[in-house]
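Asks: Data: start_0.csv, CSV, C-alpha atoms.
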```csv
chain,number,residue,atom,x,y,z
G,1,MET,CA,201.1,-51.7,20.5
G,2,GLU,CA,199.8,-48.9,22.8
G,3,ALA,CA,200.8,-48.8,26.4
G,4,ASP,CA,197.3,-49.7,27.6
G,5,GLU,CA,197.3,-52.7,25.3
G,6,LEU,CA,200.7,-53.9,26.5
G,7,ALA,CA,199.4,-53.6,30.1
G,8,GLU,CA,196.4,-55.7,29.3
G,9,LEU,CA,198.7,-58.3,27.6
G,10,ALA,CA,201.0,-58.4,30.6
G,11,LYS,CA,198.0,-59.4,32.9
G,12,LEU,CA,197.4,-62.6,30.9
G,13,PRO,CA,198.9,-65.8,32.3
G,14,ASP,CA,201.9,-67.4,30.5
G,15,ALA,CA,200.9,-70.0,28.0
G,16,PRO,CA,203.8,-72.5,27.8
G,17,LEU,CA,204.5,-74.2,24.5
G,18,ALA,CA,203.8,-77.9,24.6
G,19,GLU,CA,203.2,-80.7,22.1
G,20,PRO,CA,199.5,-81.5,21.9
G,21,ALA,CA,198.6,-85.0,22.9
G,22,THR,CA,195.6,-85.0,20.6
G,23,VAL,CA,193.5,-82.5,18.7
G,24,LEU,CA,190.4,-81.3,20.4
G,25,MET,CA,189.3,-78.6,17.9
G,26,ALA,CA,190.7,-77.5,14.6
G,27,LEU,CA,189.6,-74.7,12.3
G,28,GLU,CA,190.2,-74.5,8.6
G,29,ALA,CA,189.7,-71.0,7.2
G,30,LYS,CA,189.6,-70.0,3.5
G,31,ALA,CA,188.8,-66.8,1.6
G,32,CYS,CA,187.4,-66.2,-1.8
G,33,MET,CA,188.0,-62.6,-2.8
G,34,THR,CA,188.0,-62.7,-6.7
G,35,GLU,CA,188.2,-65.3,-9.5
G,36,PHE,CA,185.1,-66.9,-8.2
G,37,GLY,CA,184.7,-69.5,-10.9
G,38,LYS,CA,188.2,-70.8,-10.4
G,39,ALA,CA,187.9,-70.7,-6.6
G,40,ARG,CA,184.7,-72.8,-6.2
G,41,PRO,CA,186.2,-76.3,-6.8
G,42,ARG,CA,189.5,-75.5,-5.0
G,43,LEU,CA,187.7,-74.1,-1.9
G,44,TYR,CA,185.4,-77.1,-1.8
G,45,ASP,CA,188.2,-79.7,-2.2
G,46,GLU,CA,190.5,-78.0,0.4
G,47,LEU,CA,187.8,-77.6,3.0
G,48,ASN,CA,186.4,-81.1,2.4
G,49,SER,CA,189.8,-82.7,2.9
G,50,SER,CA,190.3,-80.7,6.1
G,51,HIS,CA,187.4,-82.2,8.1
G,52,ALA,CA,188.5,-85.7,6.9
G,53,THR,CA,192.0,-85.0,8.1
G,54,ILE,CA,190.9,-83.8,11.5
G,55,HIS,CA,188.6,-86.7,12.1
G,56,GLY,CA,191.1,-89.1,10.6
G,57,ASP,CA,193.3,-88.2,13.6
G,58,THR,CA,190.6,-88.0,16.3
G,59,ASP,CA,187.0,-88.8,15.5
G,60,GLY,CA,185.9,-86.9,18.6
G,61,ALA,CA,187.7,-83.7,17.7
G,62,ILE,CA,185.6,-80.8,16.6
G,63,ALA,CA,186.2,-79.9,13.0
G,64,ALA,CA,185.3,-76.3,12.2
G,65,GLY,CA,185.3,-74.5,8.9
G,66,PHE,CA,185.1,-70.9,7.9
G,67,ALA,CA,184.9,-69.2,4.5
G,68,LEU,CA,185.1,-65.5,3.9
G,69,LEU,CA,183.4,-64.4,0.7
G,70,ASN,CA,183.8,-61.0,-1.0
G,71,THR,CA,180.6,-59.4,-2.3
G,72,ALA,CA,182.3,-56.3,-3.7
G,73,GLU,CA,181.5,-55.5,-7.3
G,74,SER,CA,185.2,-54.8,-8.0
G,75,PHE,CA,188.5,-56.0,-6.6
G,76,VAL,CA,192.1,-54.9,-7.0
G,77,SER,CA,194.0,-58.2,-7.1
G,78,PRO,CA,197.5,-58.1,-5.6
G,79,LEU,CA,198.5,-60.8,-8.2
G,80,ARG,CA,197.4,-58.6,-11.1
G,81,ASN,CA,198.9,-55.5,-9.5
G,82,PRO,CA,202.4,-56.5,-8.2
G,83,TRP,CA,203.3,-53.0,-7.3
G,84,HIS,CA,202.3,-50.5,-4.5
G,85,ILE,CA,198.8,-49.2,-5.2
G,86,GLY,CA,199.1,-45.6,-6.3
G,87,ASP,CA,202.4,-46.1,-8.1
G,88,GLN,CA,200.6,-47.2,-11.2
G,89,GLU,CA,197.0,-47.4,-12.3
G,90,ALA,CA,195.4,-50.5,-10.9
G,91,ARG,CA,193.9,-53.3,-12.9
G,92,VAL,CA,190.5,-53.8,-11.5
G,93,SER,CA,188.5,-57.0,-11.7
G,94,VAL,CA,184.8,-56.6,-12.0
G,95,HIS,CA,182.4,-59.0,-10.4
G,96,LYS,CA,178.8,-59.8,-11.2
G,97,GLN,CA,177.4,-59.6,-7.6
G,98,PRO,CA,175.7,-61.0,-5.8
G,99,GLY,CA,175.7,-63.8,-8.3
G,100,SER,CA,179.4,-64.6,-8.0
G,101,ALA,CA,179.3,-64.8,-4.2
G,102,ILE,CA,176.1,-66.8,-4.3
G,103,SER,CA,177.7,-69.4,-6.7
G,104,VAL,CA,180.6,-70.0,-4.3
G,105,ALA,CA,178.2,-70.1,-1.2
G,106,GLU,CA,176.0,-72.7,-2.9
G,107,LYS,CA,179.1,-74.9,-3.5
G,108,LEU,CA,180.2,-74.4,0.1
G,109,THR,CA,176.8,-75.5,1.4
G,110,GLU,CA,177.4,-78.9,-0.3
G,111,LEU,CA,180.1,-79.6,2.2
G,112,PRO,CA,179.0,-82.4,4.6
G,113,ARG,CA,178.1,-81.4,8.1
G,114,ARG,CA,177.8,-83.9,10.9
G,115,SER,CA,175.6,-84.0,13.9
G,116,ARG,CA,177.6,-86.5,16.0
G,117,PRO,CA,181.0,-88.2,16.2
G,118,GLY,CA,181.2,-91.1,13.8
G,119,ASP,CA,179.5,-89.2,11.0
G,120,GLU,CA,181.4,-87.5,8.1
G,121,GLY,CA,181.7,-83.7,7.8
G,122,PHE,CA,182.2,-80.5,9.7
G,123,ASP,CA,180.9,-80.1,13.2
G,124,ALA,CA,180.3,-76.4,12.5
G,125,PHE,CA,180.8,-74.3,9.4
G,126,ALA,CA,180.5,-70.5,9.0
G,127,ILE,CA,180.4,-68.2,6.0
G,128,LEU,CA,181.0,-64.5,6.4
G,129,ALA,CA,180.5,-62.0,3.6
G,130,VAL,CA,182.5,-58.8,3.3
G,131,ASP,CA,182.6,-55.9,0.8
G,132,CYS,CA,186.3,-55.6,0.1
G,133,LYS,CA,187.4,-53.7,-3.0
G,134,ASN,CA,191.1,-53.9,-1.9
G,135,ASP,CA,191.7,-50.4,-3.1
G,136,GLY,CA,192.3,-48.7,0.2
G,137,SER,CA,188.6,-48.1,0.9
G,138,PRO,CA,187.2,-49.6,4.2
G,139,VAL,CA,186.3,-53.3,4.3
G,140,THR,CA,182.8,-53.7,5.6
G,141,LEU,CA,180.5,-56.6,6.5
G,142,SER,CA,177.8,-57.4,3.9
G,143,PRO,CA,174.8,-56.7,6.2
G,144,LYS,CA,172.2,-58.8,4.5
G,145,ALA,CA,174.3,-61.7,3.3
G,146,SER,CA,173.0,-64.2,5.9
G,147,GLY,CA,169.8,-65.5,4.4
G,148,SER,CA,170.2,-64.0,1.0
G,149,ILE,CA,173.7,-65.1,-0.2
G,150,TYR,CA,174.0,-68.1,2.1
G,151,PRO,CA,171.5,-69.9,4.4
G,152,GLN,CA,171.3,-68.5,8.0
G,153,ILE,CA,172.5,-71.8,9.4
G,154,TYR,CA,176.0,-70.7,8.2
G,155,ASP,CA,175.8,-67.4,10.1
G,156,TYR,CA,179.1,-66.6,11.8
G,157,ALA,CA,177.7,-65.8,15.3
G,158,ALA,CA,175.5,-68.9,15.3
G,159,THR,CA,178.5,-71.0,14.4
G,160,VAL,CA,180.6,-69.6,17.2
G,161,ASP,CA,177.8,-70.4,19.6
G,162,ARG,CA,177.6,-73.9,18.2
G,163,LEU,CA,181.3,-74.4,18.7
G,164,ALA,CA,181.2,-73.1,22.3
G,165,HIS,CA,178.3,-75.5,23.0
G,166,LEU,CA,180.1,-78.5,21.3
G,167,TYR,CA,183.3,-77.8,23.2
G,168,ALA,CA,181.6,-77.4,26.6
G,169,THR,CA,179.6,-80.6,26.2
G,170,ARG,CA,182.1,-82.8,24.4
G,171,PHE,CA,185.0,-81.9,26.6
G,172,SER,CA,183.2,-81.1,29.9
G,173,SER,CA,185.6,-83.4,31.9
G,174,ILE,CA,188.7,-81.3,30.9
```
Spit out the file's structure as structure tokens when you get a sec.
Replies:
Amino acid sequence: MEADELAELAKLPDAPLAEPATVLMALEAKACMTEFGKARPRLYDELNSSHATIHGDTDGAIAAGFALLNTAESFVSPLRNPWHIGDQEARVSVHKQPGSAISVAEKLTELPRRSRPGDEGFDAFAILAVDCKNDGSPVTLSPKASGSIYPQIYDYAATVDRLAHLYATRFSSI
């Protein structure tokens, strides 16, 4: 860390470690960077069980979900390239985009969402698309993904706003 960053950090109050009495908000985050066909059912199952687990503990808790989707047309998988990139020629996976990302996003939009405690589903769910080749080039946001790859209701910024509103209203007495 830089000196100015350490100075900013030192200004923050201490946050003592404590055992939580109950969950107020929990976030499950998943990413799908390659192997889209294999990832679809796994992502859905893992995310779907997450909100059920959160609400199984505390129905009034806020269950948030987040999925990061890769829209790059190629990807250097660390599983297929178990060496330092540059030491050997990389094995590159080629994706049919935007179709691959759209197929995963469509599955994710099948996840249940709830509008009030007592219902089943996520209280808020966001999808964010990035262009990540994993080859050392910059990772960038996919600028037109919201509305084209996934519905705008899953927009990251809108989801953060929804979470802030839910927390402020549901836990206003805290």
Asks: Residues near range 35-51 of chain G, anyone? I mean within 10 Å using all atoms listed in the file, not counting same-chain ones fewer than 4 positions away, as a PDB file with C-alpha atoms, in the coordinates of the input.
Replies:
```pdb
ATOM      1  CA  ALA G  26     190.700 -77.500  14.600  1.00  0.00           C
ATOM      2  CA  LEU G  27     189.600 -74.700  12.300  1.00  0.00           C
ATOM      3  CA  GLU G  28     190.200 -74.500   8.600  1.00  0.00           C
ATOM      4  CA  ALA G  29     189.700 -71.000   7.200  1.00  0.00           C
ATOM      5  CA  LYS G  30     189.600 -70.000   3.500  1.00  0.00           C
ATOM      6  CA  ALA G  31     188.800 -66.800   1.600  1.00  0.00           C
ATOM      7  CA  HIS G  55     188.600 -86.700  12.100  1.00  0.00           C
ATOM      8  CA  GLY G  56     191.100 -89.100  10.600  1.00  0.00           C
ATOM      9  CA  ASP G  59     187.000 -88.800  15.500  1.00  0.00           C
ATOM     10  CA  ALA G  61     187.700 -83.700  17.700  1.00  0.00           C
ATOM     11  CA  ILE G  62     185.600 -80.800  16.600  1.00  0.00           C
ATOM     12  CA  ALA G  63     186.200 -79.900  13.000  1.00  0.00           C
ATOM     13  CA  ALA G  64     185.300 -76.300  12.200  1.00  0.00           C
ATOM     14  CA  GLY G  65     185.300 -74.500   8.900  1.00  0.00           C
ATOM     15  CA  PHE G  66     185.100 -70.900   7.900  1.00  0.00           C
ATOM     16  CA  ALA G  67     184.900 -69.200   4.500  1.00  0.00           C
ATOM     17  CA  LEU G  69     183.400 -64.400   0.700  1.00  0.00           C
ATOM     18  CA  ASN G  70     183.800 -61.000  -1.000  1.00  0.00           C
ATOM     19  CA  PHE G  75     188.500 -56.000  -6.600  1.00  0.00           C
ATOM     20  CA  SER G  77     194.000 -58.200  -7.100  1.00  0.00           C
ATOM     21  CA  SER G  93     188.500 -57.000 -11.700  1.00  0.00           C
ATOM     22  CA  VAL G  94     184.800 -56.600 -12.000  1.00  0.00           C
ATOM     23  CA  HIS G  95     182.400 -59.000 -10.400  1.00  0.00           C
ATOM     24  CA  LYS G  96     178.800 -59.800 -11.200  1.00  0.00           C
ATOM     25  CA  GLY G  99     175.700 -63.800  -8.300  1.00  0.00           C
ATOM     26  CA  SER G 100     179.400 -64.600  -8.000  1.00  0.00           C
ATOM     27  CA  ALA G 101     179.300 -64.800  -4.200  1.00  0.00           C
ATOM     28  CA  ILE G 102     176.100 -66.800  -4.300  1.00  0.00           C
ATOM     29  CA  SER G 103     177.700 -69.400  -6.700  1.00  0.00           C
ATOM     30  CA  VAL G 104     180.600 -70.000  -4.300  1.00  0.00           C
ATOM     31  CA  ALA G 105     178.200 -70.100  -1.200  1.00  0.00           C
ATOM     32  CA  GLU G 106     176.000 -72.700  -2.900  1.00  0.00           C
ATOM     33  CA  LYS G 107     179.100 -74.900  -3.500  1.00  0.00           C
ATOM     34  CA  LEU G 108     180.200 -74.400   0.100  1.00  0.00           C
ATOM     35  CA  THR G 109     176.800 -75.500   1.400  1.00  0.00           C
ATOM     36  CA  GLU G 110     177.400 -78.900  -0.300  1.00  0.00           C
ATOM     37  CA  LEU G 111     180.100 -79.600   2.200  1.00  0.00           C
ATOM     38  CA  PRO G 112     179.000 -82.400   4.600  1.00  0.00           C
ATOM     39  CA  ARG G 113     178.100 -81.400   8.100  1.00  0.00           C
ATOM     40  CA  GLU G 120     181.400 -87.500   8.100  1.00  0.00           C
ATOM     41  CA  GLY G 121     181.700 -83.700   7.800  1.00  0.00           C
ATOM     42  CA  PHE G 122     182.200 -80.500   9.700  1.00  0.00           C
ATOM     43  CA  ASP G 123     180.900 -80.100  13.200  1.00  0.00           C
TER      44      ASP G 123
END
```
Asks: Separation of CA of Pro151 in chain G and CA of Val139 in chain G, in Å?
Replies: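 We find that CA of Pro151 in chain G and CA of Val139 in chain G lie 22.2 Å from each other.
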Asks: Grab the CA of Met33 in chain G to CA of Cys132 in chain G distance for me, in Å with one decimal place.
Replies: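 One can read the CA of Met33 in chain G to CA of Cys132 in chain G distance as 7.8 Å.
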Asks: Rounded to one decimal in Å, what is the spacing between CA of Ala21 in chain G and CA of Pro117 in chain G?
Replies: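 CA of Ala21 in chain G sits 19.1 Å away from CA of Pro117 in chain G.
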Asks: Determine, counting only C-alpha atoms, which protein, DNA and RNA residues have an atom within 12 Å of an atom of Arg162 in chain G; residues of the same chain fewer than 2 positions away are not included. Present the result as a compact mmCIF listing (two decimals) with C-alpha atoms, in the frame of the given file.
Replies:
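Everything below was put into around-v5.txt:
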```
# COMPACT_ATOMS: atom_id res chain seq x y z
CA ILE G 62 185.60 -80.80 16.60
CA ALA G 63 186.20 -79.90 13.00
CA ALA G 64 185.30 -76.30 12.20
CA SER G 115 175.60 -84.00 13.90
CA PHE G 122 182.20 -80.50 9.70
CA ASP G 123 180.90 -80.10 13.20
CA ALA G 124 180.30 -76.40 12.50
CA PHE G 125 180.80 -74.30 9.40
CA ALA G 126 180.50 -70.50 9.00
CA ILE G 153 172.50 -71.80 9.40
CA TYR G 154 176.00 -70.70 8.20
CA ASP G 155 175.80 -67.40 10.10
CA TYR G 156 179.10 -66.60 11.80
CA ALA G 157 177.70 -65.80 15.30
CA ALA G 158 175.50 -68.90 15.30
CA THR G 159 178.50 -71.00 14.40
CA VAL G 160 180.60 -69.60 17.20
CA ALA G 164 181.20 -73.10 22.30
CA HIS G 165 178.30 -75.50 23.00
CA LEU G 166 180.10 -78.50 21.30
CA TYR G 167 183.30 -77.80 23.20
CA ALA G 168 181.60 -77.40 26.60
CA THR G 169 179.60 -80.60 26.20
CA ARG G 170 182.10 -82.80 24.40
```
Asks: Taking 3 positions as the minimum chain separation for residues in the same chain, which residues sit within 12 Å of Ser137 in chain G when counting all atoms listed in the file? Answer as a VMD selection string.
Replies: chain G and resid 72 74 to 76 85 131 to 134 140
Asks: Determine the nearest neighbour of Ala145 in chain G from the options G:Asp4, G:Pro13, G:Pro98, G:Ser173, counting all atoms listed in the file.
Replies: G:Pro98
Asks: Val23 in chain G: which residues within 7 Å, counting all atoms listed in the file, same-chain residues fewer than 2 positions away excluded, as a list of chain:residue names?
Replies: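 Skipping anything fewer than 2 positions along the chain leaves G:Pro20, G:Met25, G:Thr58, G:Ala61.
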Asks: Counting all atoms listed in the file, which of G:Leu128, G:Asp135, G:Thr53, G:Glu2 gets nearest to Glu89 in chain G?
Replies: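 Ranked by minimum distance to Glu89 in chain G, first place goes to G:Asp135.
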Asks: Hey, which of G:Ala52, G:Ala15, G:Ala129, G:Gly60 ends up closest to Tyr150 in chain G? Count all atoms listed in the file.
Replies: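 Nearest to Tyr150 in chain G: G:Ala129.
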